[in-house]
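So this one's final13.txt, compact mmCIF, C-alpha atoms and all ligand atoms:
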# COMPACT_ATOMS: atom_id res chain seq x y z
CA MET A 635 181.04 -30.05 123.78
CA LYS A 636 181.60 -31.58 120.36
CA LEU A 637 180.42 -30.13 117.07
CA VAL A 638 177.90 -31.82 114.80
CA VAL A 639 176.97 -30.57 111.32
CA MET A 640 173.39 -31.24 110.23
CA LYS A 641 172.16 -30.43 106.72
CA PHE A 642 168.48 -30.34 105.79
CA GLY A 643 167.49 -30.53 102.12
CA GLY A 644 164.64 -28.81 100.28
CA THR A 645 161.85 -31.22 101.15
CA SER A 646 162.91 -31.22 104.82
CA VAL A 647 162.32 -27.44 104.92
CA GLY A 648 159.55 -27.43 102.29
CA ASP A 649 156.94 -25.61 104.41
CA LEU A 650 156.49 -24.13 107.88
CA ASP A 651 155.46 -27.46 109.44
CA LYS A 652 158.58 -29.11 108.05
CA ILE A 653 160.76 -26.28 109.36
CA ALA A 654 159.09 -26.70 112.76
CA ASN A 655 160.00 -30.40 112.56
CA VAL A 656 163.63 -29.41 111.91
CA ALA A 657 163.50 -27.09 114.93
CA ASN A 658 162.37 -30.07 117.04
CA ILE A 659 165.20 -32.28 115.78
CA ILE A 660 167.66 -29.49 116.65
CA ASN A 661 166.09 -28.97 120.06
CA HIS A 662 166.82 -32.62 120.80
CA GLU A 663 170.38 -32.65 119.41
CA VAL A 664 171.52 -29.36 120.94
CA LYS A 665 171.33 -30.88 124.41
CA LYS A 666 174.31 -33.08 123.46
CA ASN A 667 176.36 -31.07 120.96
CA LYS A 668 177.09 -27.65 119.51
CA LEU A 669 175.47 -27.52 116.08
CA ILE A 670 176.05 -26.11 112.66
CA VAL A 671 172.81 -26.43 110.72
CA VAL A 672 173.04 -26.01 106.94
CA LEU A 673 169.81 -25.46 105.02
CA SER A 674 168.64 -25.65 101.41
CA ALA A 675 165.87 -23.52 99.97
CA MET A 676 162.31 -24.84 100.19
CA ALA A 677 161.74 -27.68 97.70
CA GLY A 678 161.00 -26.27 94.25
CA GLU A 679 162.14 -22.76 95.15
CA THR A 680 165.49 -22.81 93.33
CA ASN A 681 163.76 -24.30 90.27
CA LYS A 682 161.27 -21.43 90.37
CA LEU A 683 164.10 -18.88 90.55
CA GLN A 684 165.99 -20.59 87.71
CA ASN A 685 162.81 -20.47 85.67
CA TYR A 686 162.58 -16.69 86.05
CA LEU A 687 166.13 -16.42 84.75
CA ASP A 688 165.30 -18.73 81.84
CA ILE A 689 162.25 -16.68 80.89
CA ILE A 690 164.23 -13.45 80.69
CA LYS A 691 167.17 -15.32 79.10
CA SER A 692 169.64 -13.89 81.57
CA ASP A 693 173.31 -14.47 81.03
CA ASN A 694 174.33 -12.07 83.79
CA GLN A 695 176.36 -14.40 85.98
CA ILE A 696 176.51 -12.16 89.03
CA GLU A 697 172.80 -11.31 89.08
CA ASN A 698 171.88 -14.92 88.33
CA ASP A 699 173.64 -16.11 91.47
CA LEU A 700 172.07 -13.35 93.53
CA VAL A 701 168.65 -14.62 92.46
CA LEU A 702 169.43 -18.34 92.68
CA THR A 703 170.86 -18.22 96.21
CA SER A 704 167.98 -16.22 97.66
CA GLY A 705 165.82 -19.24 98.56
CA GLU A 706 168.29 -20.24 101.28
CA ASN A 707 168.01 -16.78 102.88
CA VAL A 708 164.33 -17.41 103.55
CA THR A 709 164.73 -20.85 105.16
CA ILE A 710 167.58 -19.90 107.49
CA GLY A 711 165.61 -16.84 108.62
CA LEU A 712 162.47 -18.84 109.32
CA LEU A 713 164.29 -21.61 111.18
CA SER A 714 166.20 -19.09 113.30
CA ILE A 715 162.96 -17.45 114.35
CA LEU A 716 161.53 -20.82 115.42
CA LEU A 717 164.72 -21.71 117.32
CA LYS A 718 164.62 -18.40 119.17
CA LYS A 719 161.03 -19.12 120.18
CA LYS A 720 162.38 -22.32 121.76
CA ARG A 721 164.99 -20.21 123.57
CA ILE A 722 167.83 -21.89 121.73
CA LYS A 723 170.87 -19.63 121.42
CA SER A 724 171.23 -19.44 117.65
CA ILE A 725 172.22 -17.11 114.83
CA PRO A 726 171.47 -17.21 111.08
CA LEU A 727 174.47 -16.68 108.79
CA LEU A 728 174.66 -16.17 105.03
CA GLY A 729 177.66 -17.43 103.08
CA TRP A 730 179.30 -13.99 102.82
CA GLN A 731 178.96 -13.34 106.54
CA ILE A 732 181.19 -16.27 107.52
CA PRO A 733 182.72 -15.86 104.88
CA ILE A 734 182.75 -18.96 102.69
CA ILE A 735 185.18 -17.80 100.00
CA THR A 736 184.80 -19.32 96.53
CA ASP A 737 186.37 -18.92 93.14
CA ASN A 738 184.64 -16.83 90.48
CA SER A 739 182.97 -19.61 88.45
CA HIS A 740 179.39 -18.57 89.00
CA GLN A 741 176.77 -21.34 89.18
CA LYS A 742 179.45 -23.92 89.86
CA ALA A 743 181.72 -22.08 92.25
CA LYS A 744 184.32 -24.03 94.23
CA ILE A 745 184.98 -23.31 97.89
CA LEU A 746 188.50 -21.96 98.40
CA ASN A 747 188.45 -21.13 102.08
CA ILE A 748 186.23 -20.96 105.16
CA ASP A 749 187.09 -18.61 108.00
CA THR A 750 187.03 -21.10 110.87
CA ASN A 751 188.22 -18.59 113.47
CA ARG A 752 185.15 -16.50 112.87
CA ILE A 753 182.92 -19.59 113.16
CA LYS A 754 184.63 -20.70 116.36
CA LYS A 755 184.02 -17.26 117.80
CA TYR A 756 180.32 -17.60 116.98
CA LEU A 757 180.26 -21.09 118.46
CA ARG A 758 181.53 -19.77 121.78
CA LYS A 759 178.58 -17.40 121.90
CA TYR A 760 175.82 -19.49 120.28
CA ASP A 761 174.79 -23.14 120.48
CA VAL A 762 173.45 -23.32 116.94
CA LEU A 763 174.70 -21.57 113.80
CA VAL A 764 172.09 -21.73 111.04
CA ILE A 765 174.03 -21.38 107.79
CA ALA A 766 172.70 -20.90 104.26
CA GLY A 767 173.85 -23.76 102.06
CA PHE A 768 174.65 -23.49 98.34
CA GLN A 769 176.19 -20.00 98.58
CA GLY A 770 179.49 -18.27 99.08
CA ILE A 771 181.28 -15.07 98.19
CA SER A 772 183.84 -14.92 95.40
CA THR A 773 187.34 -13.51 95.66
CA LYS A 774 185.93 -10.55 93.70
CA GLY A 775 183.28 -10.00 96.37
CA ASN A 776 180.24 -11.29 94.47
CA ILE A 777 177.69 -13.81 95.75
CA THR A 778 178.23 -17.22 94.15
CA SER A 779 176.33 -20.50 94.03
CA LEU A 780 177.98 -23.90 94.22
CA GLY A 781 175.88 -25.69 91.58
CA ARG A 782 172.48 -27.34 91.92
CA GLY A 783 172.31 -29.60 94.95
CA GLY A 784 175.35 -27.78 96.36
CA SER A 785 174.24 -27.35 99.94
CA ASP A 786 175.51 -30.89 100.66
CA THR A 787 178.92 -29.53 99.70
CA SER A 788 178.49 -26.53 102.02
CA ALA A 789 177.77 -28.92 104.90
CA VAL A 790 180.68 -31.25 104.19
CA ALA A 791 183.08 -28.32 103.71
CA LEU A 792 182.06 -26.85 107.07
CA ALA A 793 182.27 -30.23 108.81
CA SER A 794 185.73 -30.87 107.33
CA ALA A 795 187.09 -27.41 108.09
CA LEU A 796 185.91 -27.60 111.69
CA ASN A 797 186.72 -31.25 112.31
CA ALA A 798 183.14 -32.01 113.25
CA LYS A 799 182.27 -35.20 115.09
CA ARG A 800 179.53 -36.03 112.56
CA CYS A 801 178.04 -34.73 109.33
CA ASP A 802 174.40 -35.77 108.99
CA ILE A 803 172.60 -35.09 105.72
CA TYR A 804 168.84 -35.16 106.28
CA THR A 805 166.68 -35.74 103.23
CA ASP A 806 163.32 -37.11 102.02
CA VAL A 807 164.41 -40.77 101.74
CA ASP A 808 165.73 -43.10 104.46
CA GLY A 809 169.28 -43.15 103.11
CA VAL A 810 171.13 -44.16 99.97
CA PHE A 811 169.29 -46.95 98.15
CA THR A 812 170.38 -49.57 95.63
CA THR A 813 168.72 -47.31 93.06
CA ASP A 814 166.40 -44.29 93.11
CA PRO A 815 163.49 -45.54 95.30
CA ASN A 816 161.20 -43.20 93.39
CA ILE A 817 161.80 -45.21 90.20
CA GLU A 818 162.12 -48.71 91.68
CA PRO A 819 160.02 -49.27 94.82
CA ARG A 820 161.91 -52.53 95.44
CA ALA A 821 165.17 -50.60 95.93
CA LYS A 822 166.78 -51.38 99.29
CA LYS A 823 168.41 -49.02 101.70
CA ILE A 824 172.18 -49.59 101.92
CA ASN A 825 173.55 -49.46 105.46
CA LYS A 826 177.15 -48.75 104.53
CA LEU A 827 178.77 -47.61 101.34
CA THR A 828 182.37 -46.67 100.52
CA PHE A 829 183.35 -43.17 99.45
CA GLU A 830 184.38 -44.55 96.07
CA GLU A 831 181.01 -46.19 95.45
CA MET A 832 179.10 -43.11 96.59
CA LEU A 833 181.26 -40.92 94.40
CA GLU A 834 180.43 -43.03 91.35
CA MET A 835 176.73 -43.14 92.28
CA SER A 836 176.53 -39.37 92.69
CA SER A 837 178.52 -38.55 89.61
CA THR A 838 176.39 -40.88 87.50
CA GLY A 839 173.15 -39.26 88.60
CA ALA A 840 172.05 -40.38 92.10
CA LYS A 841 171.28 -36.87 93.24
CA VAL A 842 170.89 -37.87 96.88
CA LEU A 843 174.37 -36.38 97.49
CA HIS A 844 176.10 -33.61 95.53
CA THR A 845 179.17 -35.18 93.86
CA ARG A 846 181.58 -32.57 95.18
CA SER A 847 180.39 -33.18 98.74
CA VAL A 848 181.46 -36.82 98.41
CA GLU A 849 184.83 -35.86 96.91
CA LEU A 850 185.44 -33.53 99.79
CA ALA A 851 184.39 -36.03 102.44
CA MET A 852 186.66 -38.65 100.87
CA LYS A 853 189.60 -36.27 100.82
CA ASN A 854 189.12 -35.47 104.49
CA SER A 855 188.01 -38.98 105.61
CA LEU A 856 184.84 -37.46 106.99
CA VAL A 857 182.08 -40.02 107.57
CA ILE A 858 178.73 -38.81 106.22
CA GLN A 859 175.36 -40.15 107.27
CA VAL A 860 172.39 -39.77 104.89
CA LEU A 861 169.09 -40.11 106.76
CA SER A 862 165.43 -39.12 106.76
CA SER A 863 164.26 -35.97 108.51
CA LEU A 864 160.83 -37.52 108.98
CA LYS A 865 161.73 -40.82 110.61
CA ASN A 866 163.86 -41.32 113.66
CA LYS A 867 166.05 -44.11 112.35
CA LYS A 868 169.57 -44.79 111.17
CA GLY A 869 170.42 -43.93 107.59
CA THR A 870 173.34 -44.83 105.31
CA LEU A 871 176.94 -44.33 106.39
CA ILE A 872 179.46 -43.32 103.75
CA VAL A 873 182.81 -44.59 105.01
CA ASP A 874 186.39 -45.39 104.13
CA GLU A 875 186.83 -48.52 102.02
CA LYS A 876 188.85 -50.30 104.70
CA LYS A 877 185.88 -50.30 107.04
CA LEU A 878 183.74 -52.34 104.67
CA ILE A 879 184.20 -56.05 105.16
CA GLU A 880 181.88 -57.44 102.57
CA LYS A 881 182.26 -55.99 99.13
CA GLU A 882 179.25 -56.18 96.86
CA ILE A 883 179.87 -56.90 93.19
CA VAL A 884 177.20 -54.38 92.25
CA SER A 885 175.85 -52.20 95.03
CA GLY A 886 173.72 -49.83 93.04
CA VAL A 887 172.25 -48.71 89.74
CA SER A 888 172.00 -45.02 88.85
CA TYR A 889 170.72 -43.00 85.94
CA SER A 890 171.10 -39.52 84.59
CA ILE A 891 168.81 -37.78 82.12
CA ASN A 892 170.79 -34.57 82.38
CA GLU A 893 173.24 -35.28 79.60
CA SER A 894 173.18 -34.72 75.86
CA LYS A 895 174.97 -36.56 73.10
CA VAL A 896 177.10 -34.55 70.68
CA THR A 897 178.29 -36.16 67.43
CA ILE A 898 180.88 -34.57 65.18
CA SER A 899 181.13 -36.39 61.86
CA GLY A 900 183.63 -36.38 59.07
CA ILE A 901 186.66 -35.08 60.91
CA PRO A 902 190.19 -35.83 59.62
CA ASP A 903 191.46 -39.09 61.09
CA LYS A 904 194.86 -37.84 62.22
CA PRO A 905 196.73 -37.11 65.46
CA GLY A 906 195.79 -33.97 67.34
CA ILE A 907 192.13 -33.67 66.34
CA SER A 908 190.72 -34.96 69.65
CA ALA A 909 193.15 -32.75 71.53
CA LYS A 910 191.86 -29.78 69.53
CA ILE A 911 188.16 -30.55 70.09
CA PHE A 912 188.41 -31.32 73.78
CA GLY A 913 190.88 -28.51 74.34
CA LEU A 914 188.36 -26.01 72.95
CA LEU A 915 185.62 -27.41 75.20
CA ALA A 916 187.89 -27.42 78.26
CA GLU A 917 188.81 -23.79 77.64
CA LYS A 918 185.11 -22.97 77.98
CA ASN A 919 184.85 -25.04 81.15
CA ILE A 920 182.50 -27.57 79.52
CA ASN A 921 182.47 -30.97 81.23
CA VAL A 922 182.78 -33.84 78.77
CA ASP A 923 181.90 -37.32 79.97
CA MET A 924 181.58 -40.37 77.70
CA ILE A 925 183.65 -40.37 74.52
CA VAL A 926 183.48 -42.73 71.53
CA GLN A 927 185.52 -42.37 68.38
CA ASN A 928 185.11 -44.42 65.22
CA ILE A 929 186.20 -44.46 61.61
CA SER A 930 183.45 -43.27 59.29
CA GLN A 931 182.24 -45.26 56.32
CA ASP A 932 184.69 -43.73 53.86
CA GLY A 933 187.60 -45.12 55.89
CA ILE A 934 189.42 -41.77 55.76
CA SER A 935 187.58 -39.54 58.16
CA ALA A 936 186.37 -40.23 61.69
CA ASN A 937 183.37 -39.50 63.90
CA ILE A 938 183.48 -38.51 67.53
CA THR A 939 180.56 -38.85 69.92
CA PHE A 940 180.61 -37.54 73.47
CA THR A 941 178.26 -36.37 76.20
CA VAL A 942 178.02 -33.02 77.98
CA PRO A 943 175.55 -31.80 80.62
CA ASN A 944 172.25 -30.56 79.08
CA SER A 945 172.94 -27.16 80.55
CA GLU A 946 176.15 -26.90 78.52
CA VAL A 947 175.11 -28.36 75.18
CA ASP A 948 174.27 -25.00 73.58
CA LYS A 949 177.60 -23.59 74.68
CA ALA A 950 179.41 -26.66 73.29
CA GLN A 951 177.63 -26.32 69.97
CA ILE A 952 178.59 -22.65 69.65
CA VAL A 953 182.26 -23.33 70.47
CA LEU A 954 182.46 -26.13 67.93
CA LYS A 955 180.65 -24.20 65.19
CA ASN A 956 182.88 -21.20 65.74
CA ASN A 957 185.86 -23.48 65.16
CA GLU A 958 184.47 -25.41 62.20
CA LYS A 959 187.40 -24.44 60.00
CA LYS A 960 189.95 -25.41 62.61
CA ILE A 961 188.40 -28.83 63.32
CA LYS A 962 187.30 -29.44 59.69
CA PHE A 963 184.16 -31.44 60.44
CA LYS A 964 181.35 -32.24 57.98
CA SER A 965 178.42 -32.20 60.39
CA LEU A 966 177.54 -31.59 64.00
CA ASN A 967 174.50 -33.09 65.75
CA THR A 968 173.20 -32.95 69.28
CA ASP A 969 170.63 -35.17 70.94
CA GLU A 970 169.04 -34.57 74.34
CA ASN A 971 166.95 -37.67 74.05
CA VAL A 972 169.46 -39.91 75.85
CA SER A 973 170.07 -41.20 79.34
CA LYS A 974 173.11 -42.67 81.02
CA ILE A 975 172.64 -45.83 83.07
CA SER A 976 175.41 -46.99 85.41
CA VAL A 977 176.09 -49.98 87.64
CA ILE A 978 178.48 -49.46 90.52
CA GLY A 979 180.25 -51.74 92.98
CA MET A 980 183.60 -52.22 94.72
CA GLY A 981 183.50 -55.95 94.05
CA MET A 982 183.70 -55.34 90.29
CA MET A 983 187.44 -54.98 90.61
CA SER A 984 187.83 -58.68 91.26
CA GLN A 985 184.95 -60.07 89.21
CA SER A 986 184.61 -60.66 85.51
CA GLY A 987 181.32 -60.85 83.65
CA VAL A 988 179.75 -57.79 85.26
CA ALA A 989 179.78 -55.82 82.01
CA GLN A 990 178.59 -58.80 80.02
CA LYS A 991 175.59 -59.18 82.33
CA MET A 992 174.77 -55.50 81.86
CA PHE A 993 174.94 -55.68 78.07
CA LYS A 994 172.94 -58.92 77.94
CA THR A 995 170.22 -57.56 80.22
CA LEU A 996 169.85 -54.50 78.02
CA ALA A 997 169.88 -56.62 74.87
CA ASP A 998 167.18 -58.90 76.30
CA ASN A 999 165.05 -55.77 76.64
CA SER A 1000 165.89 -54.67 73.07
CA ILE A 1001 167.75 -51.61 74.34
CA ASN A 1002 170.48 -50.35 72.04
CA ILE A 1003 173.75 -49.07 73.56
CA LEU A 1004 175.00 -45.77 72.09
CA ALA A 1005 178.19 -45.35 74.11
CA ILE A 1006 180.03 -47.09 76.94
CA SER A 1007 182.43 -45.88 79.59
CA THR A 1008 184.00 -47.72 82.50
CA SER A 1009 186.07 -47.18 85.61
CA GLU A 1010 187.42 -49.75 88.08
CA ILE A 1011 184.13 -49.85 89.94
CA LYS A 1012 181.58 -48.58 87.41
CA ILE A 1013 180.15 -49.33 83.98
CA SER A 1014 178.03 -46.72 82.24
CA VAL A 1015 176.06 -46.95 79.03
CA LEU A 1016 174.24 -44.34 77.04
CA ILE A 1017 170.78 -45.31 75.79
CA ASN A 1018 167.62 -43.75 74.39
CA LYS A 1019 165.91 -41.81 77.16
CA LYS A 1020 162.58 -43.61 76.75
CA PHE A 1021 164.16 -46.84 78.06
CA THR A 1022 165.44 -45.30 81.32
CA ASN A 1023 162.94 -46.90 83.71
CA ILE A 1024 162.99 -50.33 82.13
CA ALA A 1025 166.80 -50.33 82.03
CA VAL A 1026 167.10 -49.35 85.71
CA LYS A 1027 164.51 -51.87 86.84
CA SER A 1028 165.85 -54.77 84.77
CA LEU A 1029 169.47 -54.16 85.85
CA HIS A 1030 168.39 -53.81 89.47
CA LYS A 1031 166.81 -57.24 89.17
CA ALA A 1032 169.64 -58.80 87.14
CA TYR A 1033 172.19 -58.00 89.85
CA ASN A 1034 169.88 -59.36 92.59
CA LEU A 1035 169.43 -55.99 94.20
CA ASN A 1036 165.68 -56.53 94.61
CA SER A 1037 166.29 -59.10 97.29
CA LYS A 1038 169.67 -58.34 98.85
CA LYS A 1039 170.26 -56.62 102.16
CA ARG A 1040 173.40 -54.78 102.97
P1 LIG A 1101 167.41 -32.88 99.25
O1 LIG A 1101 166.40 -31.87 98.83
O2 LIG A 1101 167.18 -33.41 100.62
O3 LIG A 1101 168.83 -32.43 99.02
P2 LIG A 1101 167.51 -34.44 96.82
O4 LIG A 1101 166.24 -34.35 96.04
O5 LIG A 1101 168.65 -33.63 96.38
O6 LIG A 1101 167.14 -34.14 98.34
O7 LIG A 1101 167.98 -35.97 96.94
C1 LIG A 1101 167.09 -36.96 97.39
C2 LIG A 1101 166.47 -37.69 96.20
O8 LIG A 1101 167.51 -38.40 95.51
C3 LIG A 1101 165.48 -38.75 96.57
O9 LIG A 1101 164.18 -38.22 96.72
C4 LIG A 1101 165.58 -39.73 95.41
O10 LIG A 1101 164.53 -39.57 94.48
C5 LIG A 1101 166.87 -39.36 94.70
N1 LIG A 1101 167.77 -40.51 94.51
C6 LIG A 1101 168.33 -40.86 93.32
N2 LIG A 1101 169.07 -41.96 93.47
C7 LIG A 1101 168.99 -42.33 94.76
C8 LIG A 1101 169.56 -43.40 95.52
N3 LIG A 1101 170.37 -44.32 94.97
N4 LIG A 1101 169.26 -43.48 96.84
C9 LIG A 1101 168.45 -42.55 97.42
N5 LIG A 1101 167.88 -41.53 96.75
C10 LIG A 1101 168.15 -41.40 95.43
N1 LIG A 1102 168.65 -25.04 96.75
C1 LIG A 1102 169.73 -25.49 95.92
C2 LIG A 1102 169.19 -26.36 94.79
O1 LIG A 1102 168.00 -26.61 94.72
C3 LIG A 1102 170.81 -26.21 96.68
C4 LIG A 1102 170.41 -27.52 97.30
O2 LIG A 1102 169.22 -27.83 97.43
O3 LIG A 1102 171.32 -28.26 97.71
O4 LIG A 1102 169.94 -26.77 93.96
MG MG A 1103 170.09 -32.43 97.34
Let me see the structure of the file written as structure tokens.
Amino acid sequence: MKLVVMKFGGTSVGDLDKIANVANIINHEVKKNKLIVVLSAMAGETNKLQNYLDIIKSDNQIENDLVLTSGENVTIGLLSILLKKKRIKSIPLLGWQIPIITDNSHQKAKILNIDTNRIKKYLRKYDVLVIAGFQGISTKGNITSLGRGGSDTSAVALASALNAKRCDIYTDVDGVFTTDPNIEPRAKKINKLTFEEMLEMSSTGAKVLHTRSVELAMKNSLVIQVLSSLKNKKGTLIVDEKKLIEKEIVSGVSYSINESKVTISGIPDKPGISAKIFGLLAEKNINVDMIVQNISQDGISANITFTVPNSEVDKAQIVLKNNEKKIKFKSLNTDENVSKISVIGMGMMSQSGVAQKMFKTLADNSINILAISTSEIKISVLINKKFTNIAVKSLHKAYNLNSKKR
């Protein structure tokens, strides 16, 4: 029998009826394959746990992860009970029991190793392993979490390590759409998407797949399917570029409201300053995304603007303030009132005018651009947060995504 990995997200296990629905899907699939089932916590649960930590202002990394990962313990337990009632040979497993070994960066831990021999042993005895997503155990023996949305990464890591036949990610939408269907109802489901496109979509905010899960799938050439747990129909396949015949110029629009803008003004305009600033941030493991540098009005000093995740903006501010003398800046400002809008498509590589269309569309809607960044297959702009919906909708229309089918 072949192995299939199936991951069910928070809304798919959001209450007992939904978990019973998952048990039915498994009951059907287990007749054909051995299964590894990876679960998230019930929808909203991890937010609730994070909120407790916020209220008590906890900076205890080890305890934080113990709390944050607990939602998954509940769902795998409940599903296992329902599977046993159906007489399916199954066992629930927490990250540490496998073990899924991670590094020690709590709240964004990276998987270092998965003990596949142990899993194979379990698979000889059981037909279904129900595994808690989002969690692992560090090399120091503490429970870790992989970052919000990380159970996709758990599933892809397991599927890759075990050479699974398929990795199906079940969620609350029918697949990957041309943009978030909850913002633009005219968004269309995409049948096939390349790893590269999906990587750009995820990393620019389309939370339907955790970015690291796409990176991992791409590295291992593992085809992922994103599909609905409530409808019995095909979803979106994320595949190798070579398998896509028709390349769209723009295949999707994404947005992220999870980033903040940091502006450092009046820094000396001389070599080494950027290296100093970004070196200090890198030392603290702070992810910097868009960067713009310009000469300030006096023509002697410079300003640097960049974005960091909202969750890291306080940390960034502290690092920079602590090094004020070293960097020699005049002022430091942060702004959470921004959003990043991106257009993504493989066809961009061979087409000109894609960026121009983006800028014109935004200008036509009187939306000011605060920063720009590009890659071969992506253009991102930073704008005022209040224009997020209008920017997404107007770009979706401008690139004909309202009408296209793929
Ligand atoms: P799960 O709990 O199943 O992991 P998530 O909430 O993490 O689900 O991801 C699914 C959500 O991603 C959808 O409900 C949708 O609002 C959002 N989303 C954002 N961009 C896209 C996109 N391009 N295609 C599909 N869904 C998207
Ligand atoms: N439960 C975790 C979260 O909400 C992991 C996941 O859903 O993928 O972030
Ligand atoms: Mg998710």
Pick out the residues sitting within 8 Å of A:Val647, and hand them over as an mmCIF file with C-alpha atoms, in the coordinates of the input; count only C-alpha atoms, and ignore anything fewer than 4 positions along from it in its own chain.
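Saved the output as selection14.cif:
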data_model
loop_
_atom_site.group_PDB
_atom_site.id
_atom_site.type_symbol
_atom_site.label_atom_id
_atom_site.label_comp_id
_atom_site.auth_asym_id
_atom_site.auth_seq_id
_atom_site.Cartn_x
_atom_site.Cartn_y
_atom_site.Cartn_z
ATOM 1 C CA PHE A 642 168.480 -30.340 105.790
ATOM 2 C CA GLY A 643 167.490 -30.530 102.120
ATOM 3 C CA LYS A 652 158.580 -29.110 108.050
ATOM 4 C CA ILE A 653 160.760 -26.280 109.360
ATOM 5 C CA VAL A 656 163.630 -29.410 111.910
ATOM 6 C CA LEU A 673 169.810 -25.460 105.020
ATOM 7 C CA SER A 674 168.640 -25.650 101.410
ATOM 8 C CA ALA A 675 165.870 -23.520 99.970
ATOM 9 C CA MET A 676 162.310 -24.840 100.190
ATOM 10 C CA ALA A 677 161.740 -27.680 97.700
ATOM 11 C CA THR A 709 164.730 -20.850 105.160
#
Neighbouring residues of ligand MG 1103 (chain A) are defined here as those with any atom at most 10 Å from a ligand atom, counting only C-alpha atoms and all ligand atoms; list them as a compact mmCIF listing (two decimals) with C-alpha atoms, in the frame of the given file.
# COMPACT_ATOMS: atom_id res chain seq x y z
CA LYS A 641 172.16 -30.43 106.72
CA PHE A 642 168.48 -30.34 105.79
CA GLY A 643 167.49 -30.53 102.12
CA GLY A 644 164.64 -28.81 100.28
CA THR A 645 161.85 -31.22 101.15
CA SER A 674 168.64 -25.65 101.41
CA ALA A 677 161.74 -27.68 97.70
CA ARG A 782 172.48 -27.34 91.92
CA GLY A 783 172.31 -29.60 94.95
CA GLY A 784 175.35 -27.78 96.36
CA SER A 785 174.24 -27.35 99.94
CA ASP A 786 175.51 -30.89 100.66
CA THR A 787 178.92 -29.53 99.70
CA ILE A 803 172.60 -35.09 105.72
CA TYR A 804 168.84 -35.16 106.28
CA THR A 805 166.68 -35.74 103.23
CA ASP A 806 163.32 -37.11 102.02
CA ALA A 840 172.05 -40.38 92.10
CA LYS A 841 171.28 -36.87 93.24
CA VAL A 842 170.89 -37.87 96.88
CA LEU A 843 174.37 -36.38 97.49
CA HIS A 844 176.10 -33.61 95.53
* Which is closer to A:Ser739 than all the others in A:Thr838, A:Asn698, A:Asn1034, A:Ser779, using all atoms listed in the file? ->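 Comparing A:Thr838, A:Asn698, A:Asn1034, A:Ser779 against A:Ser739, the winner is A:Ser779.
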Which residues are near A:Ile745? Cut-off 7 Å, all atoms listed in the file, ignore same chain within fewer than 5 positions. Put them as a short mmCIF file (atom, residue, chain, number, x, y, z; two decimals) with C-alpha atoms, keeping the file's coordinate frame.
data_model
loop_
_atom_site.label_atom_id
_atom_site.label_comp_id
_atom_site.auth_asym_id
_atom_site.auth_seq_id
_atom_site.Cartn_x
_atom_site.Cartn_y
_atom_site.Cartn_z
CA ILE A 734 182.75 -18.96 102.69
CA ILE A 735 185.18 -17.80 100.00
CA THR A 736 184.80 -19.32 96.53
CA ASP A 737 186.37 -18.92 93.14
#
* Asked: Contacts of stretch 761-768 of chain A at 8 Å or less, counting only C-alpha atoms, minus same-chain residues fewer than 2 places along, as a ChimeraX atom specification?
  -> /A:664,668-674,703,706-707,710,713-714,722-729,756-759,770,779-789
* What is the atom CA of A:Asn661-atom O9 of ligand LIG 1101 (chain A) distance in Å, reported with one decimal? ->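 For atom CA of A:Asn661 relative to atom O9 of ligand LIG 1101 (chain A), the distance reads 25.2 Å.
Distances to A:Asp814 were evaluated for A:Asn956, A:Asn681, A:Asn944, A:Ser836 using only C-alpha atoms, and the minimum falls at A:Ser836.
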* Asked: Could you work out how far atom CA of A:Gln684 lies from atom CA of A:Gly648, giving the answer in Å with one decimal?
  -> 17.3 Å
* Can you tell me, as a PyMOL selection string, which residues sit within 12 Å of (167.5, -56.4, 87.3) in the file's frame, using only C-alpha atoms? -> chain A and resi 812-813+818+820-821+884+886-887+977+991-996+998-999+1023-1038
Determine, counting all atoms listed in the file, which protein, DNA and RNA residues have an atom within 10 Å of an atom of A:Tyr686; residues of the same chain fewer than 5 positions away are not included. Present the result as a tab-separated table (two decimals) with C-alpha atoms, keeping the file's coordinate frame.
chain	number	residue	atom	x	y	z
A	680	THR	CA	165.49	-22.81	93.33
A	681	ASN	CA	163.76	-24.30	90.27
A	691	LYS	CA	167.17	-15.32	79.10
A	692	SER	CA	169.64	-13.89	81.57
A	698	ASN	CA	171.88	-14.92	88.33
A	701	VAL	CA	168.65	-14.62	92.46
A	702	LEU	CA	169.43	-18.34	92.68
* Pick the closest to A:Ile938 from A:Ala909, A:Leu827, A:Val860, A:Ile898: which is it, counting all atoms listed in the file? -> A:Ile898
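Take the candidates A:Thr941, A:Ser984, A:Asn919, A:Asn892 and check each one against A:Val953 using all atoms listed in the file; the shortest distance goes to A:Asn919.
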* **Residue contacts of A:Leu637 (9 Å, all atoms listed in the file) excluding same-chain residues fewer than 6 positions away, as a ChimeraX atom specification** => /A:667-670,793,796-800
* Which one is closest to A:Lys974: A:Asn1018, A:Ser899, A:Asn655, A:Thr778? Count all atoms listed in the file. ->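 Result for the nearest residue to A:Lys974: A:Asn1018.
Minimum atom-to-atom distances from A:Val857, A:Ile660, A:Val790, A:Val639 to ligand LIG 1102 (chain A) were compared using all atoms listed in the file, and the lowest value belongs to A:Val790.
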* Provide the atom CA of A:Ser986 to atom N2 of ligand LIG 1101 (chain A) distance in Å, to one decimal place. => 25.6 Å
Kindly provide, as AutoDock Vina command-line options, the centre and edge lengths (Å, one decimal) of an axis-aligned box around all atoms of stretch 974-988 of chain A given in the file, with 8 Å on each side.
--center_x 180.2 --center_y -51.8 --center_z 87.9 --size_x 31.2 --size_y 34.2 --size_z 29.7
